[in-house]
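Engineer: Sharing entry-v6.txt (compact mmCIF, N, CA and C atoms) below.
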# COMPACT_ATOMS: atom_id res chain seq x y z
N MET A 29 -111.70 82.75 -103.87
CA MET A 29 -110.90 83.95 -104.06
C MET A 29 -109.52 83.52 -104.56
N ASP A 30 -109.04 84.20 -105.60
CA ASP A 30 -107.71 83.82 -106.09
C ASP A 30 -106.63 84.49 -105.25
N ARG A 31 -105.40 84.04 -105.41
CA ARG A 31 -104.29 84.49 -104.57
C ARG A 31 -104.01 85.98 -104.74
N THR A 32 -104.19 86.52 -105.94
CA THR A 32 -103.95 87.94 -106.17
C THR A 32 -104.92 88.79 -105.37
N GLU A 33 -106.18 88.40 -105.37
CA GLU A 33 -107.20 89.12 -104.59
C GLU A 33 -106.91 89.00 -103.10
N LEU A 34 -106.52 87.82 -102.68
CA LEU A 34 -106.22 87.60 -101.26
C LEU A 34 -105.03 88.46 -100.84
N LEU A 35 -103.99 88.52 -101.65
CA LEU A 35 -102.84 89.37 -101.33
C LEU A 35 -103.26 90.84 -101.21
N ALA A 36 -104.10 91.30 -102.12
CA ALA A 36 -104.58 92.68 -102.07
C ALA A 36 -105.34 92.94 -100.77
N GLU A 37 -106.19 92.01 -100.38
CA GLU A 37 -106.95 92.17 -99.14
C GLU A 37 -106.04 92.15 -97.92
N ILE A 38 -105.03 91.28 -97.95
CA ILE A 38 -104.07 91.22 -96.84
C ILE A 38 -103.32 92.54 -96.72
N ARG A 39 -102.87 93.06 -97.83
CA ARG A 39 -102.12 94.33 -97.81
C ARG A 39 -103.02 95.49 -97.35
N THR A 40 -104.27 95.47 -97.74
CA THR A 40 -105.22 96.49 -97.27
C THR A 40 -105.39 96.38 -95.76
N TYR A 41 -105.61 95.16 -95.27
CA TYR A 41 -105.76 94.93 -93.84
C TYR A 41 -104.51 95.37 -93.09
N ALA A 42 -103.35 95.03 -93.63
CA ALA A 42 -102.09 95.40 -92.99
C ALA A 42 -101.93 96.91 -92.91
N GLY A 43 -102.32 97.61 -93.96
CA GLY A 43 -102.24 99.07 -93.94
C GLY A 43 -103.15 99.69 -92.90
N LYS A 44 -104.34 99.12 -92.75
CA LYS A 44 -105.29 99.64 -91.76
C LYS A 44 -104.85 99.33 -90.33
N ASN A 45 -104.03 98.29 -90.17
CA ASN A 45 -103.57 97.86 -88.84
C ASN A 45 -102.07 98.07 -88.68
N TYR A 46 -101.55 99.05 -89.38
CA TYR A 46 -100.11 99.30 -89.45
C TYR A 46 -99.45 99.38 -88.08
N ASN A 47 -100.08 100.01 -87.13
CA ASN A 47 -99.49 100.23 -85.81
C ASN A 47 -99.86 99.16 -84.79
N LYS A 48 -100.36 98.04 -85.25
CA LYS A 48 -100.79 96.99 -84.33
C LYS A 48 -100.06 95.68 -84.63
N GLY A 49 -99.52 95.08 -83.61
CA GLY A 49 -99.04 93.70 -83.66
C GLY A 49 -98.11 93.29 -84.78
N GLY A 50 -97.26 94.18 -85.24
CA GLY A 50 -96.27 93.80 -86.23
C GLY A 50 -96.70 93.93 -87.69
N TRP A 51 -97.90 94.41 -87.93
CA TRP A 51 -98.37 94.54 -89.32
C TRP A 51 -97.52 95.53 -90.09
N ASP A 52 -96.87 96.48 -89.41
CA ASP A 52 -95.97 97.39 -90.09
C ASP A 52 -94.81 96.65 -90.75
N VAL A 53 -94.36 95.58 -90.14
CA VAL A 53 -93.28 94.77 -90.70
C VAL A 53 -93.72 94.17 -92.02
N LEU A 54 -94.92 93.65 -92.06
CA LEU A 54 -95.43 93.10 -93.31
C LEU A 54 -95.50 94.18 -94.38
N VAL A 55 -96.03 95.34 -94.04
CA VAL A 55 -96.17 96.43 -95.00
C VAL A 55 -94.80 96.86 -95.53
N GLU A 56 -93.85 97.03 -94.63
CA GLU A 56 -92.55 97.59 -95.01
C GLU A 56 -91.55 96.58 -95.58
N CYS A 57 -91.68 95.31 -95.19
CA CYS A 57 -90.59 94.38 -95.46
C CYS A 57 -90.95 93.12 -96.26
N TRP A 58 -92.18 92.70 -96.23
CA TRP A 58 -92.51 91.40 -96.81
C TRP A 58 -92.91 91.50 -98.28
N SER A 59 -92.40 90.57 -99.07
CA SER A 59 -92.80 90.46 -100.47
C SER A 59 -94.08 89.63 -100.56
N ASP A 60 -94.71 89.67 -101.71
CA ASP A 60 -95.90 88.84 -101.94
C ASP A 60 -95.56 87.37 -101.76
N ALA A 61 -94.39 86.96 -102.24
CA ALA A 61 -93.98 85.56 -102.12
C ALA A 61 -93.85 85.15 -100.66
N GLU A 62 -93.31 86.03 -99.83
CA GLU A 62 -93.16 85.73 -98.40
C GLU A 62 -94.52 85.62 -97.73
N ILE A 63 -95.44 86.49 -98.10
CA ILE A 63 -96.79 86.42 -97.53
C ILE A 63 -97.45 85.10 -97.93
N LEU A 64 -97.37 84.77 -99.19
CA LEU A 64 -97.99 83.52 -99.66
C LEU A 64 -97.39 82.31 -98.97
N GLU A 65 -96.09 82.32 -98.75
CA GLU A 65 -95.45 81.21 -98.05
C GLU A 65 -95.97 81.10 -96.62
N GLU A 66 -96.12 82.24 -95.96
CA GLU A 66 -96.56 82.24 -94.56
C GLU A 66 -98.02 81.81 -94.41
N ILE A 67 -98.88 82.19 -95.35
CA ILE A 67 -100.30 81.84 -95.19
C ILE A 67 -100.59 80.42 -95.66
N GLY A 68 -99.65 79.80 -96.36
CA GLY A 68 -99.85 78.42 -96.79
C GLY A 68 -101.10 78.25 -97.64
N LYS A 69 -101.96 77.36 -97.24
CA LYS A 69 -103.16 77.05 -98.02
C LYS A 69 -104.39 77.88 -97.62
N ALA A 70 -104.20 78.86 -96.76
CA ALA A 70 -105.33 79.71 -96.38
C ALA A 70 -105.91 80.35 -97.63
N ASN A 71 -107.23 80.33 -97.73
CA ASN A 71 -107.86 80.89 -98.93
C ASN A 71 -108.91 81.95 -98.61
N THR A 72 -108.95 82.36 -97.35
CA THR A 72 -109.84 83.45 -96.95
C THR A 72 -109.00 84.48 -96.20
N LEU A 73 -109.49 85.71 -96.17
CA LEU A 73 -108.77 86.75 -95.44
C LEU A 73 -108.68 86.39 -93.96
N ARG A 74 -109.75 85.89 -93.41
CA ARG A 74 -109.75 85.51 -91.99
C ARG A 74 -108.70 84.45 -91.69
N GLY A 75 -108.62 83.43 -92.53
CA GLY A 75 -107.62 82.38 -92.34
C GLY A 75 -106.20 82.90 -92.50
N ALA A 76 -106.00 83.77 -93.47
CA ALA A 76 -104.68 84.34 -93.70
C ALA A 76 -104.26 85.21 -92.53
N ILE A 77 -105.17 86.02 -92.03
CA ILE A 77 -104.86 86.88 -90.88
C ILE A 77 -104.51 86.02 -89.68
N TRP A 78 -105.25 84.96 -89.47
CA TRP A 78 -104.98 84.08 -88.33
C TRP A 78 -103.56 83.52 -88.42
N LYS A 79 -103.17 83.08 -89.61
CA LYS A 79 -101.81 82.53 -89.78
C LYS A 79 -100.75 83.61 -89.64
N LEU A 80 -100.98 84.76 -90.24
CA LEU A 80 -100.00 85.84 -90.18
C LEU A 80 -99.84 86.40 -88.78
N ASN A 81 -100.94 86.46 -88.02
CA ASN A 81 -100.87 87.00 -86.66
C ASN A 81 -99.86 86.26 -85.80
N LYS A 82 -99.75 84.97 -85.96
CA LYS A 82 -98.80 84.21 -85.15
C LYS A 82 -97.39 84.74 -85.33
N THR A 83 -96.97 84.84 -86.55
CA THR A 83 -95.62 85.29 -86.84
C THR A 83 -95.43 86.77 -86.54
N LEU A 84 -96.39 87.59 -86.94
CA LEU A 84 -96.24 89.03 -86.73
C LEU A 84 -96.27 89.40 -85.26
N ASN A 85 -97.07 88.70 -84.46
CA ASN A 85 -97.07 88.95 -83.01
C ASN A 85 -95.73 88.56 -82.40
N PHE A 86 -95.14 87.47 -82.87
CA PHE A 86 -93.83 87.06 -82.39
C PHE A 86 -92.79 88.14 -82.71
N ILE A 87 -92.83 88.64 -83.94
CA ILE A 87 -91.90 89.69 -84.35
C ILE A 87 -92.10 90.95 -83.51
N ALA A 88 -93.35 91.34 -83.30
CA ALA A 88 -93.64 92.54 -82.51
C ALA A 88 -93.18 92.37 -81.07
N ASP A 89 -93.41 91.21 -80.49
CA ASP A 89 -92.97 90.96 -79.12
C ASP A 89 -91.44 91.00 -79.02
N TYR A 90 -90.77 90.40 -79.99
CA TYR A 90 -89.30 90.40 -79.99
C TYR A 90 -88.77 91.83 -80.13
N ARG A 91 -89.37 92.59 -81.02
CA ARG A 91 -88.95 93.98 -81.22
C ARG A 91 -89.14 94.78 -79.92
N ALA A 92 -90.27 94.60 -79.26
CA ALA A 92 -90.53 95.31 -78.00
C ALA A 92 -89.51 94.92 -76.93
N GLU A 93 -89.17 93.65 -76.88
CA GLU A 93 -88.17 93.18 -75.92
C GLU A 93 -86.81 93.81 -76.20
N MET A 94 -86.42 93.85 -77.45
CA MET A 94 -85.14 94.43 -77.81
C MET A 94 -85.11 95.94 -77.52
N MET A 95 -86.21 96.61 -77.79
CA MET A 95 -86.27 98.05 -77.53
C MET A 95 -86.23 98.33 -76.03
N ALA A 96 -86.79 97.45 -75.23
CA ALA A 96 -86.79 97.63 -73.78
C ALA A 96 -85.39 97.47 -73.19
N THR A 97 -84.54 96.74 -73.86
CA THR A 97 -83.18 96.53 -73.34
C THR A 97 -82.17 97.47 -73.96
N ALA A 98 -82.60 98.31 -74.91
CA ALA A 98 -81.66 99.25 -75.56
C ALA A 98 -81.30 100.37 -74.61
N PHE A 99 -80.12 100.84 -74.74
CA PHE A 99 -79.64 101.93 -73.88
C PHE A 99 -79.82 103.26 -74.53
Starting from the file, lay out its structure as structure tokens.
Structural biologist:
Amino acid sequence: MDRTELLAEIRTYAGKNYNKGGWDVLVECWSDAEILEEIGKANTLRGAIWKLNKTLNFIADYRAEMMATAF
């Protein structure tokens, strides 16, 4: 699978999982270049999701923590 196809599949997956685990951040904020940098040499959707989940879960957890402390 070439990188363009992989990016399209990632964006589709992110849209379907918009409200789960930080995928909304990817949809709203990340460029294609940022996604490619994060997934590194992953060449399957499964591998890319695995790599992206680490960072997106961290972002989602941090956001939840910040929202819990907001007044």
Engineer: Within 6.5 Å of stretch 40-43 of chain A, counting all atoms listed in the file, which residues show up once you throw out same-chain ones fewer than 5 positions away? Write them as a PyMOL selection string, please.
Structural biologist: chain A and resi 35+51-52+55
Engineer: Go through A:Lys69, A:Arg39, A:Lys79, A:Arg74 one by one, measure the shortest atom-to-atom distance of each to A:Val53 using only C-alpha atoms, and give the residue with the smallest value.
Structural biologist: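 Nearest to A:Val53: A:Arg39.
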Engineer: So how far away is atom C of A:Phe99 from atom C of A:Asn45, in Å?
Structural biologist: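 We find that atom C of A:Asn45 and atom C of A:Phe99 lie 26.9 Å from each other.
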Engineer: Run DSSP on the backbone and give me the residues of stretch 38-95 of chain A it puts in helix (DSSP H, G or I), as a VMD selection string.
Structural biologist: chain A and resid 38 to 44 51 to 57 60 to 67 73 to 95
Engineer: Can you tell me, as JSON, the centre and edge lengths (Å, one decimal) of the axis-aligned box enclosing all of stretch 71-87 of chain A's listed atoms after padding each side by 3 Å?
Structural biologist:
{"center_x": -100.9, "center_y": 85.6, "center_z": -90.7, "size_x": 23.9, "size_y": 16.6, "size_z": 22.5}
Engineer: Residues near A:Leu54, anyone? I mean within 12 Å using only C-alpha atoms, not counting same-chain ones fewer than 6 positions away, as number ranges by chain.
Structural biologist: A: 35, 38-48, 60-64, 66, 77, 80-81, 83-85, 87-88
Engineer: Store the residues picked out above in a file with N, CA and C atoms, as a CSV table (one decimal), in the frame of the given file.
Structural biologist:
chain,number,residue,atom,x,y,z
A,35,LEU,N,-104.0,88.5,-101.6
A,35,LEU,CA,-102.8,89.4,-101.3
A,35,LEU,C,-103.3,90.8,-101.2
A,38,ILE,N,-105.0,91.3,-98.0
A,38,ILE,CA,-104.1,91.2,-96.8
A,38,ILE,C,-103.3,92.5,-96.7
A,39,ARG,N,-102.9,93.1,-97.8
A,39,ARG,CA,-102.1,94.3,-97.8
A,39,ARG,C,-103.0,95.5,-97.4
A,40,THR,N,-104.3,95.5,-97.7
A,40,THR,CA,-105.2,96.5,-97.3
A,40,THR,C,-105.4,96.4,-95.8
A,41,TYR,N,-105.6,95.2,-95.3
A,41,TYR,CA,-105.8,94.9,-93.8
A,41,TYR,C,-104.5,95.4,-93.1
A,42,ALA,N,-103.4,95.0,-93.6
A,42,ALA,CA,-102.1,95.4,-93.0
A,42,ALA,C,-101.9,96.9,-92.9
A,43,GLY,N,-102.3,97.6,-94.0
A,43,GLY,CA,-102.2,99.1,-93.9
A,43,GLY,C,-103.2,99.7,-92.9
A,44,LYS,N,-104.3,99.1,-92.8
A,44,LYS,CA,-105.3,99.6,-91.8
A,44,LYS,C,-104.8,99.3,-90.3
A,45,ASN,N,-104.0,98.3,-90.2
A,45,ASN,CA,-103.6,97.9,-88.8
A,45,ASN,C,-102.1,98.1,-88.7
A,46,TYR,N,-101.6,99.0,-89.4
A,46,TYR,CA,-100.1,99.3,-89.4
A,46,TYR,C,-99.4,99.4,-88.1
A,47,ASN,N,-100.1,100.0,-87.1
A,47,ASN,CA,-99.5,100.2,-85.8
A,47,ASN,C,-99.9,99.2,-84.8
A,48,LYS,N,-100.4,98.0,-85.2
A,48,LYS,CA,-100.8,97.0,-84.3
A,48,LYS,C,-100.1,95.7,-84.6
A,60,ASP,N,-94.7,89.7,-101.7
A,60,ASP,CA,-95.9,88.8,-101.9
A,60,ASP,C,-95.6,87.4,-101.8
A,61,ALA,N,-94.4,87.0,-102.2
A,61,ALA,CA,-94.0,85.6,-102.1
A,61,ALA,C,-93.8,85.2,-100.7
A,62,GLU,N,-93.3,86.0,-99.8
A,62,GLU,CA,-93.2,85.7,-98.4
A,62,GLU,C,-94.5,85.6,-97.7
A,63,ILE,N,-95.4,86.5,-98.1
A,63,ILE,CA,-96.8,86.4,-97.5
A,63,ILE,C,-97.4,85.1,-97.9
A,64,LEU,N,-97.4,84.8,-99.2
A,64,LEU,CA,-98.0,83.5,-99.7
A,64,LEU,C,-97.4,82.3,-99.0
A,66,GLU,N,-96.1,82.2,-96.0
A,66,GLU,CA,-96.6,82.2,-94.6
A,66,GLU,C,-98.0,81.8,-94.4
A,77,ILE,N,-105.2,86.0,-92.0
A,77,ILE,CA,-104.9,86.9,-90.9
A,77,ILE,C,-104.5,86.0,-89.7
A,80,LEU,N,-101.0,84.8,-90.2
A,80,LEU,CA,-100.0,85.8,-90.2
A,80,LEU,C,-99.8,86.4,-88.8
A,81,ASN,N,-100.9,86.5,-88.0
A,81,ASN,CA,-100.9,87.0,-86.7
A,81,ASN,C,-99.9,86.3,-85.8
A,83,THR,N,-97.0,84.8,-86.6
A,83,THR,CA,-95.6,85.3,-86.8
A,83,THR,C,-95.4,86.8,-86.5
A,84,LEU,N,-96.4,87.6,-86.9
A,84,LEU,CA,-96.2,89.0,-86.7
A,84,LEU,C,-96.3,89.4,-85.3
A,85,ASN,N,-97.1,88.7,-84.5
A,85,ASN,CA,-97.1,89.0,-83.0
A,85,ASN,C,-95.7,88.6,-82.4
A,87,ILE,N,-92.8,88.6,-83.9
A,87,ILE,CA,-91.9,89.7,-84.4
A,87,ILE,C,-92.1,91.0,-83.5
A,88,ALA,N,-93.4,91.3,-83.3
A,88,ALA,CA,-93.6,92.5,-82.5
A,88,ALA,C,-93.2,92.4,-81.1
Engineer: Quick one: distance from atom CA of A:Leu34 to atom CA of A:Leu73 in Å, one decimal?
Structural biologist: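 Computed distance, atom CA of A:Leu34 to atom CA of A:Leu73, equals 6.4 Å.
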Engineer: In Å to one decimal, how far is atom N of A:Asp89 from atom N of A:Gly68?
Structural biologist: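 Interatomic distance here is 20.5 Å.
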Engineer: Calculated over only N, CA and C atoms, which of the candidates A:Cys57, A:Asn71, A:Ala76, A:Ala92 has the smallest distance to A:Arg31?
Structural biologist: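 For A:Arg31, the nearest of the candidates is A:Asn71.
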Engineer: For A:Lys82, which residue among A:Ser59, A:Ala70, A:Thr97, A:Gly50 is the nearest when counting only C-alpha atoms?
Structural biologist: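 Smallest distance to A:Lys82 is found for A:Gly50.
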